[in-house]
Every structure is written in C-alpha cells, then in structure tokens.
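Trainee: Here it is, the structure, as structure tokens.
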Amino acid sequence: MSTPILTTGRLILRPPVAEDAQAIADILNIWAVTRWLTTVPFPYCLADAEAFLGSLSGTPQQRYWVIEIADKAQGAISLMPDLGFFLAPQAHGKGVMTEAARAVLDWHFSSSDENVVSGYHVGNDASARVQQKLGFQPTHEAVARQVSTGKSVTVIKTALTRPEWETRDV
C-alpha cells in the first residue's frame with residue numbers, strides 16, 4: 001500500500017517527490033529547525049535531501065509526507081515507525097504541525113490498533129506542546145546521539161494508544 005495523500009482545511013500532506021529536495025534542504029539547513037532533530041546532519045545540503053528522498057523510494061512501509069501550504073513545501077511528517085516532524089520557521093506557531101499530525105494519526109488509527117511512539121528533545125517546548133495536544137503520554141527519558149553536533153541529548157519518549165486517541169479532547 002502506498003502512502004496516501006491526506007488533506008485538511010489548509011494543508012496537503014503528500015508523498016515527497018524529487019523536486020521537494022531543495023525545499024527540504026532549505027528548511028533543514030536552518031539551525032533553529034535542525035537543532036531539535038536527532039538524525040539530521042548540519043549543515044544540510046541538497047545532496048543530503050536527495051539521498052534521503054532516494055532512500056524512501058520503494059519502501060511503502062516508510063510513511064513520509066511533505067506538508068504543503070498554498071502549493072509550497074513547508075515541512076514534513078513521518079511514521080517510520082516513530083512519529084517525527086519538522087516545519088519551516090515561517091509556519092511555526094500557527095497550529096500547522098498539530099493539524100498535520102492529527103491527519104496522520106486519524107489515517108493511522110483508522111486501520112491500526114498499533115501504538116504510535118514519538119519523542120522530543122528536552123527544551124523543545126513546541127514539540128512537547130504538539131504531542132500533548134494530540135494525547136501523547138511521556139513514557140521515559142532516553143539519551144540519543146545527535147548527528148548534527150555529535151553530542152548526547154536527552155529525549156523524552158512518548159506514546160499514544162488508539163483508546164487515548166479516540167477519547168482525547170479535540
């Protein structure tokens with residue numbers, strides 16, 4: 001099964017295409033974005049984006065969507081298998097990521113009882129708020145090596161069950 005196109009009131013979430021590489025590179029080459037990601041190098045260049053997108057082709061179990069607003073790629077969200085996301089700074093603080101994640105989680109739980117796990121770096125209050133709004137519950141702390149800095153970071157791991165999703169305050 002291929003990754004579906006998901007739509008909300010103002011967003012289109014679609015599988016990436018090769019032409020998205022530049023937009024992804026531009027967003028991930030902003031330290032204010034990449035500083036909160038664990039597996040992304042910095043600086044991040046076009047070749048990094050092209051290699052990443054190439055690694056996704058032919059793997060339908062890797063669910064990865066580009067978040068498009070007004071015909072422009074503004075970020076991405078994935079279930080690979082953890083829920084992960086990033087967003088261009090100009091789209092921050094507008095509820096975009098919560099809206100995108102709701103669409104992905106609605107899609108996931110429409111056909112699966114499997115829990116969704118995620119996490120956020122200690123200090124990343126924006127990601128923590130998104131996950132709290134969606135009903136994710138903290139499960140434990142973990143230490144991860146951040147590729148961009150080569151240093152260890154503390155990550156708060158979270159989980160969301162189908163019953164929690166179905167009974168959350170919308």
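Naming scheme: A, B, ... for chains in displayed order of the structure tokens; residues 1 onward per chain; ligands 1 onward as shown.
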Give me the residues within 10 Å of A:Ser127 as a PyMOL selection string, counting only C-alpha atoms and dropping any in the same chain fewer than 4 places off.
Mentor: chain A and resi 36+84-86+97-98+119-123+131-133
Trainee: Can you check which residues of stretch 34-153 of chain A DSSP gives as alpha helix (DSSP H) on the backbone and send them as number ranges by chain?
Mentor: A: 34, 46-56, 96-109, 125-134
Trainee: May I have the residues within 12 Å of A:Gly93 as a list in words, using only C-alpha atoms and disregarding those fewer than 3 positions away in the same chain?
Mentor: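 Near neighbours after the sequence-gap exclusion: Leu87, Ala88, Pro89, Gln90, Val96, Met97, Thr98, Glu99, Asp125, Ala126, Ser127, Arg129 and Val130 of chain A.
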Trainee: With C-alpha atoms retained, export the selected residues as a PDB file, in the first residue's frame.
Mentor:
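As written to disk, selection-v1.pdb reads:
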ATOM      1  CA  LEU A  87       8.467  22.647   9.975  1.00  0.00           C
ATOM      2  CA  ALA A  88       9.844  25.803   8.353  1.00  0.00           C
ATOM      3  CA  PRO A  89      10.136  28.677  10.860  1.00  0.00           C
ATOM      4  CA  GLN A  90       7.636  30.842   8.963  1.00  0.00           C
ATOM      5  CA  VAL A  96       0.217  23.638  11.336  1.00  0.00           C
ATOM      6  CA  MET A  97       2.030  20.706  12.906  1.00  0.00           C
ATOM      7  CA  THR A  98      -0.850  19.807  15.191  1.00  0.00           C
ATOM      8  CA  GLU A  99      -3.183  19.856  12.174  1.00  0.00           C
ATOM      9  CA  ASP A 125       8.670  23.100  24.209  1.00  0.00           C
ATOM     10  CA  ALA A 126       6.921  23.469  20.841  1.00  0.00           C
ATOM     11  CA  SER A 127       7.179  19.742  20.053  1.00  0.00           C
ATOM     12  CA  ARG A 129       3.006  21.032  23.215  1.00  0.00           C
ATOM     13  CA  VAL A 130       2.109  19.433  19.880  1.00  0.00           C
TER      14      VAL A 130
END
Trainee: Fewer than 3 positions away in the same chain doesn't count, so skip those; otherwise give me all residues within 7 Å of A:Leu13, counting only C-alpha atoms, as a list in words.
Mentor: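 Returned residues: Ile5, Leu6, Thr7, Trp65, Val66, Ile67 and Glu68 of chain A.
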Trainee: What does the distance from atom CA of A:Ile77 to atom CA of A:Pro16 come to in Å, to one decimal?
Mentor: 10.6 Å
Trainee: Considering only strand (DSSP E) as DSSP defines it on the backbone, what residues of stretch 62-157 of chain A qualify? List them as a ChimeraX atom specification.
Mentor: /A:63-69,72-79,83-87,116-121,137-145,152-157
Trainee: Quick one: residues within 8 Å of A:Arg63, only C-alpha atoms counted, chain neighbours fewer than 3 positions away excluded, as a PyMOL selection string?
Mentor: chain A and resi 3+60+78-81
Trainee: What is the distance, in Å and to one decimal place, between atom CA of A:His92 and atom CA of A:Ala51?
Mentor: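 For atom CA of A:His92 relative to atom CA of A:Ala51, the distance reads 26.3 Å.
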Trainee: Separation of atom CA of A:Pro43 and atom CA of A:Ile30, in Å?
Mentor: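 Atom-to-atom, atom CA of A:Pro43 to atom CA of A:Ile30, that is 8.1 Å.
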Trainee: Find the residue from A:Asp82, A:Glu50, A:Asp26, A:Asp20 that sits nearest to A:Leu160; use only C-alpha atoms when measuring.
Mentor: A:Asp82
Trainee: For A:Phe136, which residue among A:Leu83, A:Val153, A:Ile24, A:Ala76 is the nearest when counting only C-alpha atoms?
Mentor: A:Leu83
Trainee: For A:Ala18, list every protein, DNA or RNA residue within 12 Å, evaluated using only C-alpha atoms, and leave out those in the same chain fewer than 5 positions away; present the list as JSON, numbers by chain.
Mentor: {"A": [23, 24, 25, 46, 47, 49, 50, 51, 52, 53, 54, 55, 56, 57, 66]}
Trainee: Those same residues, written as a short mmCIF file (atom, residue, chain, number, x, y, z; two decimals), in the first residue's frame with N, CA and C atoms?
Mentor:
data_model
loop_
_atom_site.label_atom_id
_atom_site.label_comp_id
_atom_site.auth_asym_id
_atom_site.auth_seq_id
_atom_site.Cartn_x
_atom_site.Cartn_y
_atom_site.Cartn_z
N ALA A 23 13.53 22.27 -1.26
CA ALA A 23 12.76 22.85 -0.15
C ALA A 23 13.14 22.18 1.16
N ILE A 24 13.29 20.86 1.15
CA ILE A 24 13.68 20.13 2.36
C ILE A 24 15.07 20.57 2.79
N ALA A 25 15.99 20.66 1.84
CA ALA A 25 17.35 21.11 2.17
C ALA A 25 17.34 22.52 2.75
N LEU A 46 21.66 20.05 -0.41
CA LEU A 46 20.79 19.43 -1.41
C LEU A 46 21.11 17.95 -1.58
N ALA A 47 22.38 17.59 -1.59
CA ALA A 47 22.76 16.17 -1.75
C ALA A 47 22.22 15.33 -0.59
N ALA A 49 19.41 15.90 1.07
CA ALA A 49 17.98 15.74 0.81
C ALA A 49 17.73 14.74 -0.31
N GLU A 50 18.52 14.84 -1.35
CA GLU A 50 18.36 13.90 -2.47
C GLU A 50 18.63 12.47 -2.03
N ALA A 51 19.67 12.27 -1.24
CA ALA A 51 20.00 10.92 -0.75
C ALA A 51 18.88 10.40 0.15
N PHE A 52 18.37 11.26 1.04
CA PHE A 52 17.28 10.83 1.92
C PHE A 52 16.04 10.45 1.11
N LEU A 53 15.64 11.31 0.18
CA LEU A 53 14.45 11.00 -0.62
C LEU A 53 14.66 9.73 -1.44
N GLY A 54 15.87 9.52 -1.94
CA GLY A 54 16.18 8.30 -2.67
C GLY A 54 16.04 7.06 -1.79
N SER A 55 16.35 7.20 -0.51
CA SER A 55 16.23 6.06 0.41
C SER A 55 14.79 5.68 0.68
N LEU A 56 13.87 6.60 0.44
CA LEU A 56 12.45 6.32 0.68
C LEU A 56 11.78 5.56 -0.46
N SER A 57 12.30 5.70 -1.67
CA SER A 57 11.62 5.10 -2.81
C SER A 57 11.64 3.57 -2.71
N VAL A 66 5.25 15.21 2.79
CA VAL A 66 5.61 16.62 2.73
C VAL A 66 4.38 17.41 3.12
#
Trainee: I'd like to know which of A:Gly135, A:Gly9, A:Pro15, A:Gly95 is closest to A:Glu164, using only C-alpha atoms.
Mentor: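 Comparing A:Gly135, A:Gly9, A:Pro15, A:Gly95 against A:Glu164, the winner is A:Gly135.
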Trainee: Fewer than 2 positions away in the same chain doesn't count, so skip those; otherwise give me all residues within 7 Å of stretch 137-152 of chain A, counting only C-alpha atoms, as a PyMOL selection string.
Mentor: chain A and resi 38-42+135+154-160
